[in-house]
>>> print(open('query-v1.cif').read())   # mmCIF, C-alpha atoms
data_upload
loop_
_atom_site.group_PDB
_atom_site.id
_atom_site.type_symbol
_atom_site.label_atom_id
_atom_site.label_comp_id
_atom_site.auth_asym_id
_atom_site.auth_seq_id
_atom_site.Cartn_x
_atom_site.Cartn_y
_atom_site.Cartn_z
ATOM 1 C CA MET B 1 -97.003 -46.171 -14.588
ATOM 2 C CA GLY B 2 -100.530 -47.066 -13.568
ATOM 3 C CA THR B 3 -102.254 -50.098 -15.017
ATOM 4 C CA GLU B 4 -105.225 -48.187 -16.430
ATOM 5 C CA ILE B 5 -104.897 -44.965 -18.421
ATOM 6 C CA ARG B 6 -108.065 -43.300 -19.626
ATOM 7 C CA PRO B 7 -108.459 -40.818 -22.524
ATOM 8 C CA ARG B 8 -106.254 -37.729 -22.566
ATOM 9 C CA PRO B 9 -107.314 -35.173 -19.907
ATOM 10 C CA GLY B 10 -108.567 -31.817 -21.090
ATOM 11 C CA LEU B 11 -106.966 -29.945 -18.201
ATOM 12 C CA VAL B 12 -103.667 -30.547 -16.404
ATOM 13 C CA VAL B 13 -103.313 -28.934 -12.970
ATOM 14 C CA PHE B 14 -99.738 -28.523 -11.758
ATOM 15 C CA ASP B 15 -98.528 -28.265 -8.216
ATOM 16 C CA VAL B 16 -95.751 -25.635 -8.081
ATOM 17 C CA ASN B 17 -93.416 -25.954 -5.084
ATOM 18 C CA GLU B 18 -90.996 -28.854 -5.727
ATOM 19 C CA THR B 19 -93.064 -30.116 -8.672
ATOM 20 C CA LEU B 20 -92.021 -27.267 -10.962
ATOM 21 C CA SER B 21 -89.483 -25.449 -8.788
ATOM 22 C CA ASP B 22 -86.138 -26.994 -7.859
ATOM 23 C CA MET B 23 -85.649 -26.363 -4.148
ATOM 24 C CA SER B 24 -82.305 -28.145 -3.832
ATOM 25 C CA GLY B 25 -80.415 -24.841 -3.964
ATOM 26 C CA LEU B 26 -81.920 -23.809 -0.634
ATOM 27 C CA GLN B 27 -79.456 -26.163 1.042
ATOM 28 C CA GLN B 28 -76.624 -23.841 -0.004
ATOM 29 C CA THR B 29 -78.562 -20.845 1.292
ATOM 30 C CA PHE B 30 -78.860 -22.519 4.679
ATOM 31 C CA ALA B 31 -75.162 -23.421 4.623
ATOM 32 C CA ASP B 32 -74.234 -19.807 3.831
ATOM 33 C CA LEU B 33 -76.157 -18.753 6.938
ATOM 34 C CA GLY B 34 -74.213 -21.211 9.090
ATOM 35 C CA ALA B 35 -77.108 -23.645 9.334
ATOM 36 C CA PRO B 36 -77.019 -27.355 8.438
ATOM 37 C CA PRO B 37 -77.950 -27.718 4.736
ATOM 38 C CA ALA B 38 -80.356 -30.563 5.536
ATOM 39 C CA LEU B 39 -82.357 -28.145 7.676
ATOM 40 C CA ALA B 40 -83.849 -26.751 4.456
ATOM 41 C CA GLY B 41 -85.832 -29.950 4.003
ATOM 42 C CA THR B 42 -86.806 -30.018 7.670
ATOM 43 C CA TRP B 43 -88.084 -26.477 7.433
ATOM 44 C CA PHE B 44 -90.234 -27.109 4.359
ATOM 45 C CA ALA B 45 -91.652 -30.305 5.845
ATOM 46 C CA SER B 46 -92.550 -28.489 9.080
ATOM 47 C CA LEU B 47 -94.135 -25.680 7.073
ATOM 48 C CA LEU B 48 -96.371 -28.169 5.273
ATOM 49 C CA ARG B 49 -97.172 -29.938 8.544
ATOM 50 C CA ASP B 50 -98.315 -26.700 10.162
ATOM 51 C CA GLY B 51 -100.304 -25.724 7.087
ATOM 52 C CA PHE B 52 -102.051 -29.077 7.005
ATOM 53 C CA ALA B 53 -102.852 -28.853 10.726
ATOM 54 C CA LEU B 54 -104.452 -25.454 10.226
ATOM 55 C CA THR B 55 -106.327 -26.747 7.181
ATOM 56 C CA VAL B 56 -107.841 -29.585 9.205
ATOM 57 C CA THR B 57 -109.222 -27.020 11.635
ATOM 58 C CA GLY B 58 -110.775 -24.969 8.839
ATOM 59 C CA VAL B 59 -108.102 -22.253 8.695
ATOM 60 C CA ASN B 60 -106.607 -21.133 5.359
ATOM 61 C CA PRO B 61 -103.221 -19.638 6.351
ATOM 62 C CA ASP B 62 -101.122 -17.274 4.253
ATOM 63 C CA PHE B 63 -98.250 -19.356 2.874
ATOM 64 C CA ALA B 64 -95.567 -16.660 3.112
ATOM 65 C CA ASP B 65 -96.479 -15.703 6.676
ATOM 66 C CA LEU B 66 -96.531 -19.319 7.803
ATOM 67 C CA ALA B 67 -93.263 -20.019 5.966
ATOM 68 C CA ALA B 68 -91.478 -17.148 7.714
ATOM 69 C CA THR B 69 -92.845 -18.104 11.121
ATOM 70 C CA SER B 70 -91.891 -21.744 10.656
ATOM 71 C CA LEU B 71 -88.446 -20.739 9.400
ATOM 72 C CA ALA B 72 -87.747 -18.579 12.425
ATOM 73 C CA THR B 73 -88.746 -21.494 14.650
ATOM 74 C CA VAL B 74 -86.215 -23.881 13.098
ATOM 75 C CA LEU B 75 -83.420 -21.282 12.884
ATOM 76 C CA ARG B 76 -83.691 -19.738 16.341
ATOM 77 C CA PRO B 77 -82.107 -22.678 18.252
ATOM 78 C CA LEU B 78 -78.971 -22.284 16.100
ATOM 79 C CA GLN B 79 -78.232 -18.932 17.775
ATOM 80 C CA LEU B 80 -77.454 -17.150 14.539
ATOM 81 C CA ASP B 81 -76.342 -13.523 14.697
ATOM 82 C CA ASP B 82 -79.554 -12.211 13.135
ATOM 83 C CA VAL B 83 -82.465 -14.626 12.764
ATOM 84 C CA ASP B 84 -84.699 -12.039 11.087
ATOM 85 C CA LEU B 85 -82.049 -11.373 8.439
ATOM 86 C CA ALA B 86 -81.585 -15.107 7.934
ATOM 87 C CA VAL B 87 -85.342 -15.528 7.422
ATOM 88 C CA ASP B 88 -85.332 -12.718 4.856
ATOM 89 C CA ARG B 89 -82.461 -14.325 2.943
ATOM 90 C CA VAL B 90 -84.117 -17.731 2.787
ATOM 91 C CA MET B 91 -87.454 -16.273 1.749
ATOM 92 C CA ALA B 92 -85.738 -14.240 -0.971
ATOM 93 C CA ALA B 93 -84.007 -17.396 -2.238
ATOM 94 C CA PHE B 94 -87.327 -19.244 -2.175
ATOM 95 C CA ALA B 95 -88.874 -16.540 -4.357
ATOM 96 C CA THR B 96 -86.151 -16.888 -6.997
ATOM 97 C CA LEU B 97 -85.829 -20.666 -7.329
ATOM 98 C CA PRO B 98 -85.106 -22.253 -10.714
ATOM 99 C CA VAL B 99 -87.273 -24.890 -12.353
ATOM 100 C CA HIS B 100 -86.248 -28.526 -12.743
ATOM 101 C CA PRO B 101 -84.532 -29.095 -16.113
ATOM 102 C CA ASP B 102 -87.329 -31.333 -17.386
ATOM 103 C CA VAL B 103 -89.842 -28.528 -16.878
ATOM 104 C CA LEU B 104 -88.222 -26.517 -19.677
ATOM 105 C CA THR B 105 -88.918 -29.254 -22.205
ATOM 106 C CA GLY B 106 -91.917 -30.954 -20.630
ATOM 107 C CA ILE B 107 -94.231 -27.964 -20.357
ATOM 108 C CA PRO B 108 -93.925 -26.966 -24.043
ATOM 109 C CA ALA B 109 -94.396 -30.613 -25.017
ATOM 110 C CA LEU B 110 -97.607 -30.794 -22.993
ATOM 111 C CA ALA B 111 -98.809 -27.468 -24.386
ATOM 112 C CA ALA B 112 -98.226 -28.817 -27.898
ATOM 113 C CA LEU B 113 -100.845 -31.489 -27.171
ATOM 114 C CA GLU B 114 -103.403 -28.657 -26.838
ATOM 115 C CA ILE B 115 -104.137 -29.587 -23.232
ATOM 116 C CA ARG B 116 -105.159 -26.702 -20.997
ATOM 117 C CA LEU B 117 -102.456 -26.049 -18.392
ATOM 118 C CA VAL B 118 -102.971 -24.338 -15.029
ATOM 119 C CA THR B 119 -101.166 -24.253 -11.698
ATOM 120 C CA LEU B 120 -102.669 -24.802 -8.257
ATOM 121 C CA SER B 121 -100.278 -23.970 -5.444
ATOM 122 C CA ASN B 122 -100.476 -23.764 -1.680
ATOM 123 C CA GLY B 123 -98.101 -20.831 -2.169
ATOM 124 C CA SER B 124 -98.877 -17.455 -3.695
ATOM 125 C CA THR B 125 -99.708 -16.778 -7.317
ATOM 126 C CA GLY B 126 -96.827 -14.291 -7.337
ATOM 127 C CA VAL B 127 -94.235 -16.989 -6.644
ATOM 128 C CA ALA B 128 -95.600 -19.168 -9.447
ATOM 129 C CA GLU B 129 -95.753 -16.197 -11.800
ATOM 130 C CA GLY B 130 -92.137 -15.246 -11.079
ATOM 131 C CA LEU B 131 -90.942 -18.824 -11.499
ATOM 132 C CA LEU B 132 -92.605 -19.224 -14.881
ATOM 133 C CA HIS B 133 -91.713 -15.729 -16.101
ATOM 134 C CA ARG B 134 -88.007 -16.250 -15.390
ATOM 135 C CA ASN B 135 -88.100 -19.363 -17.543
ATOM 136 C CA GLY B 136 -90.225 -18.076 -20.404
ATOM 137 C CA LEU B 137 -93.156 -20.357 -19.616
ATOM 138 C CA THR B 138 -95.881 -17.917 -18.552
ATOM 139 C CA THR B 139 -97.754 -17.926 -21.854
ATOM 140 C CA THR B 140 -98.117 -21.716 -21.841
ATOM 141 C CA PHE B 141 -100.395 -21.563 -18.802
ATOM 142 C CA GLU B 142 -104.029 -20.544 -18.996
ATOM 143 C CA ARG B 143 -104.285 -19.627 -15.312
ATOM 144 C CA LEU B 144 -102.071 -19.471 -12.240
ATOM 145 C CA LEU B 145 -104.227 -20.472 -9.285
ATOM 146 C CA SER B 146 -103.474 -20.383 -5.580
ATOM 147 C CA VAL B 147 -105.325 -21.700 -2.556
ATOM 148 C CA GLN B 148 -105.239 -18.118 -1.268
ATOM 149 C CA ALA B 149 -108.460 -17.736 -3.244
ATOM 150 C CA ALA B 150 -109.768 -21.184 -2.278
ATOM 151 C CA PRO B 151 -111.462 -22.229 0.955
ATOM 152 C CA LEU B 152 -108.525 -24.364 2.159
ATOM 153 C CA TRP B 153 -105.039 -25.641 1.345
ATOM 154 C CA LYS B 154 -104.466 -28.805 -0.608
ATOM 155 C CA PRO B 155 -104.982 -31.685 0.040
ATOM 156 C CA ALA B 156 -108.439 -30.605 1.208
ATOM 157 C CA GLY B 157 -111.009 -31.419 -1.459
ATOM 158 C CA ALA B 158 -112.239 -27.826 -1.533
ATOM 159 C CA ALA B 159 -108.900 -26.683 -2.956
ATOM 160 C CA TYR B 160 -109.165 -28.931 -6.009
ATOM 161 C CA GLN B 161 -112.845 -28.126 -6.433
ATOM 162 C CA TYR B 162 -111.941 -24.446 -6.524
ATOM 163 C CA ALA B 163 -109.636 -25.085 -9.498
ATOM 164 C CA LEU B 164 -112.279 -27.163 -11.263
ATOM 165 C CA ASP B 165 -114.916 -24.485 -10.761
ATOM 166 C CA VAL B 166 -112.653 -21.696 -12.033
ATOM 167 C CA CYS B 167 -111.692 -23.714 -15.098
ATOM 168 C CA GLY B 168 -115.204 -24.997 -15.702
ATOM 169 C CA VAL B 169 -114.369 -28.695 -15.983
ATOM 170 C CA ALA B 170 -115.555 -31.868 -14.303
ATOM 171 C CA ALA B 171 -113.159 -33.657 -11.974
ATOM 172 C CA ASP B 172 -112.641 -36.637 -14.279
ATOM 173 C CA GLU B 173 -111.595 -34.294 -17.111
ATOM 174 C CA ALA B 174 -108.662 -32.921 -15.081
ATOM 175 C CA MET B 175 -105.335 -34.420 -14.053
ATOM 176 C CA LEU B 176 -103.302 -33.227 -11.064
ATOM 177 C CA VAL B 177 -99.522 -33.423 -11.577
ATOM 178 C CA ALA B 178 -97.320 -33.416 -8.499
ATOM 179 C CA VAL B 179 -94.223 -34.842 -6.817
ATOM 180 C CA HIS B 180 -96.022 -35.135 -3.479
ATOM 181 C CA PRO B 181 -97.948 -38.332 -2.690
ATOM 182 C CA TRP B 182 -100.154 -36.356 -0.278
ATOM 183 C CA ASP B 183 -101.211 -34.098 -3.174
ATOM 184 C CA ILE B 184 -101.870 -37.105 -5.416
ATOM 185 C CA HIS B 185 -103.960 -38.642 -2.633
ATOM 186 C CA GLY B 186 -105.998 -35.479 -2.097
ATOM 187 C CA ALA B 187 -106.668 -34.962 -5.784
ATOM 188 C CA HIS B 188 -107.675 -38.605 -6.234
ATOM 189 C CA HIS B 189 -110.253 -38.344 -3.471
ATOM 190 C CA ALA B 190 -111.555 -35.126 -5.025
ATOM 191 C CA GLY B 191 -112.222 -37.118 -8.203
ATOM 192 C CA LEU B 192 -109.326 -35.861 -10.333
ATOM 193 C CA ARG B 193 -107.022 -38.070 -12.327
ATOM 194 C CA THR B 194 -103.410 -37.991 -11.149
ATOM 195 C CA ALA B 195 -99.821 -38.164 -12.376
ATOM 196 C CA PHE B 196 -96.887 -38.639 -10.012
ATOM 197 C CA ILE B 197 -93.546 -37.200 -11.146
ATOM 198 C CA ASN B 198 -90.920 -39.438 -9.557
ATOM 199 C CA ARG B 199 -87.583 -37.799 -10.376
ATOM 200 C CA THR B 200 -85.712 -39.505 -7.530
ATOM 201 C CA GLY B 201 -86.829 -43.115 -7.927
ATOM 202 C CA ALA B 202 -88.522 -43.071 -4.525
ATOM 203 C CA THR B 203 -90.955 -45.803 -3.557
ATOM 204 C CA TYR B 204 -94.514 -44.515 -3.611
ATOM 205 C CA PRO B 205 -96.081 -44.800 -0.110
ATOM 206 C CA THR B 206 -98.660 -47.575 0.089
ATOM 207 C CA CYS B 207 -100.797 -45.546 2.515
ATOM 208 C CA PHE B 208 -101.807 -43.112 -0.240
ATOM 209 C CA ALA B 209 -104.055 -43.597 -3.265
ATOM 210 C CA ARG B 210 -101.990 -44.730 -6.248
ATOM 211 C CA PRO B 211 -101.514 -42.323 -9.159
ATOM 212 C CA GLU B 212 -102.976 -43.183 -12.532
ATOM 213 C CA VAL B 213 -99.611 -42.381 -14.127
ATOM 214 C CA GLU B 214 -96.098 -42.494 -12.659
ATOM 215 C CA VAL B 215 -93.259 -41.057 -14.732
ATOM 216 C CA THR B 216 -89.749 -39.741 -14.152
ATOM 217 C CA SER B 217 -90.176 -36.362 -15.867
ATOM 218 C CA LEU B 218 -92.686 -33.976 -17.381
ATOM 219 C CA LEU B 219 -91.350 -34.823 -20.827
ATOM 220 C CA GLU B 220 -92.164 -38.481 -20.213
ATOM 221 C CA LEU B 221 -95.639 -37.431 -19.068
ATOM 222 C CA ALA B 222 -96.103 -35.579 -22.361
ATOM 223 C CA GLU B 223 -95.056 -38.712 -24.240
ATOM 224 C CA VAL B 224 -97.530 -40.853 -22.286
ATOM 225 C CA LEU B 225 -100.424 -38.436 -22.759
ATOM 226 C CA GLY B 226 -99.480 -37.933 -26.394
ATOM 227 C CA GLU B 227 -100.169 -41.617 -27.033
ATOM 228 C CA LEU B 228 -103.746 -41.365 -25.755
#
>>> encode(input="query-v1.cif", output="structure tokens")
Amino acid sequence: MGTEIRPRPGLVVFDVNETLSDMSGLQQTFADLGAPPALAGTWFASLLRDGFALTVTGVNPDFADLAATSLATVLRPLQLDDVDLAVDRVMAAFATLPVHPDVLTGIPALAALEIRLVTLSNGSTGVAEGLLHRNGLTTTFERLLSVQAAPLWKPAGAAYQYALDVCGVAADEAMLVAVHPWDIHGAHHAGLRTAFINRTGATYPTCFARPEVEVTSLLELAEVLGEL
């Protein structure tokens, strides 16, 4: 946890992919297709890389289109029987991911603190909506936001500013919650407060701005913010 924690934020902005959704099951999907399970992580990392590269050049790509294109690129060298079918199966699995177990308890605990909760995803609003609906969490969120309606992907500052403008709050009144150091870094430089969810015990990269709060679960985050 960070050394300085300010008053409780009025708005908590959640990343969606990997922060709320549990993507570990995609490894089995890849294995079922005859692909190495670890390729699931490679694919998602390459998808983010390509999205960030386009963002730097001022392009705001469609997440689903870029995901499918990137997926076909990593699957094609495996000489699968039907790459297009394989892409469809992975994308369908991506759209029906479960949440991490701590999300089921952590989100209601945060909502009980009367903090405004919204999402801000580089993916589509539809994916976030489906994820939360399947787990009975939709009503706990005030808004489900996507960079599709923003100028650029996260971690560009314009993405976070879009969320702040829609919600009508100043940057220092909002806290970005994510499992990605790059997202924490971007939000920090956009003026938001930040909370890093470290479920794996990974070492936080020293090249990125440190989070204000580092916890192992959303329930622990609720406990920390509840003490403010």
>>> closest_residue(input="query-v1.cif", among="B:Asp102, B:Glu142, B:Asp183, B:Glu227", to="Leu117 in chain B", atoms="only C-alpha atoms")
B:Glu142
>>> resolve_selection(input="query-v1.cif", expression="the PyMOL selection byres ((chain B and resi 128) around 12)", output="ChimeraX atom specification")
/B:14-21,94-99,118-127,129-135,137-138,141,143-146
>>> atom_distance(input="query-v1.cif", atom1="CA of Tyr204 in chain B", atom2="CA of Ala187 in chain B")
15.6 Å
>>> atom_distance(input="query-v1.cif", atom1="CA of Thr29 in chain B", atom2="CA of Phe63 in chain B")
19.8 Å
>>> atom_distance(input="query-v1.cif", atom1="CA of Asp172 in chain B", atom2="CA of Leu192 in chain B")
5.2 Å
>>> resolve_selection(input="query-v1.cif", expression="the PyMOL selection byres ((chain B and resi 205) around 12)", output="PyMOL selection string")
chain B and resi 180-182+184-185+196+202-204+206-211
>>> resolve_selection(input="query-v1.cif", expression="the PyMOL selection byres ((chain B and resi 105) around 12)", output="PyMOL selection string")
chain B and resi 20+99-104+106-112+135-137+140+217-223
>>> axis_aligned_box(input="query-v1.cif", around="range 94-110 of chain B", padding_each_side="6 Å", output="lines of an AutoDock Vina configuration file")
center_x = -91.1
center_y = -23.9
center_z = -13.6
size_x = 25.1
size_y = 26.8
size_z = 34.8
>>> closest_residue(input="query-v1.cif", among="B:Leu80, B:Leu54, B:Leu164, B:Ile197", to="Pro36 in chain B", atoms="only C-alpha atoms")
B:Leu80
>>> closest_residue(input="query-v1.cif", among="B:Arg49, B:Val224, B:Ala158, B:Val179", to="Asp22 in chain B", atoms="only C-alpha atoms")
B:Val179
>>> closest_residue(input="query-v1.cif", among="B:Val56, B:Val177, B:Leu26, B:Ile115", to="Val90 in chain B", atoms="all atoms listed in the file")
B:Leu26
>>> residues_around(input="query-v1.cif", residues="Ser70 in chain B", least_positions_apart="6", cutoff="9 Å", atoms="all atoms listed in the file", output="PyMOL selection string")
chain B and resi 43-44+46-47+50
>>> closest_residue(input="query-v1.cif", among="B:Asp88, B:Glu212, B:Glu114, B:Asp32", to="Ala64 in chain B", atoms="only C-alpha atoms")
B:Asp88
>>> closest_residue(input="query-v1.cif", among="B:Leu66, B:Ala174, B:Ala35, B:Ala149", to="Ala53 in chain B", atoms="only C-alpha atoms")
B:Leu66
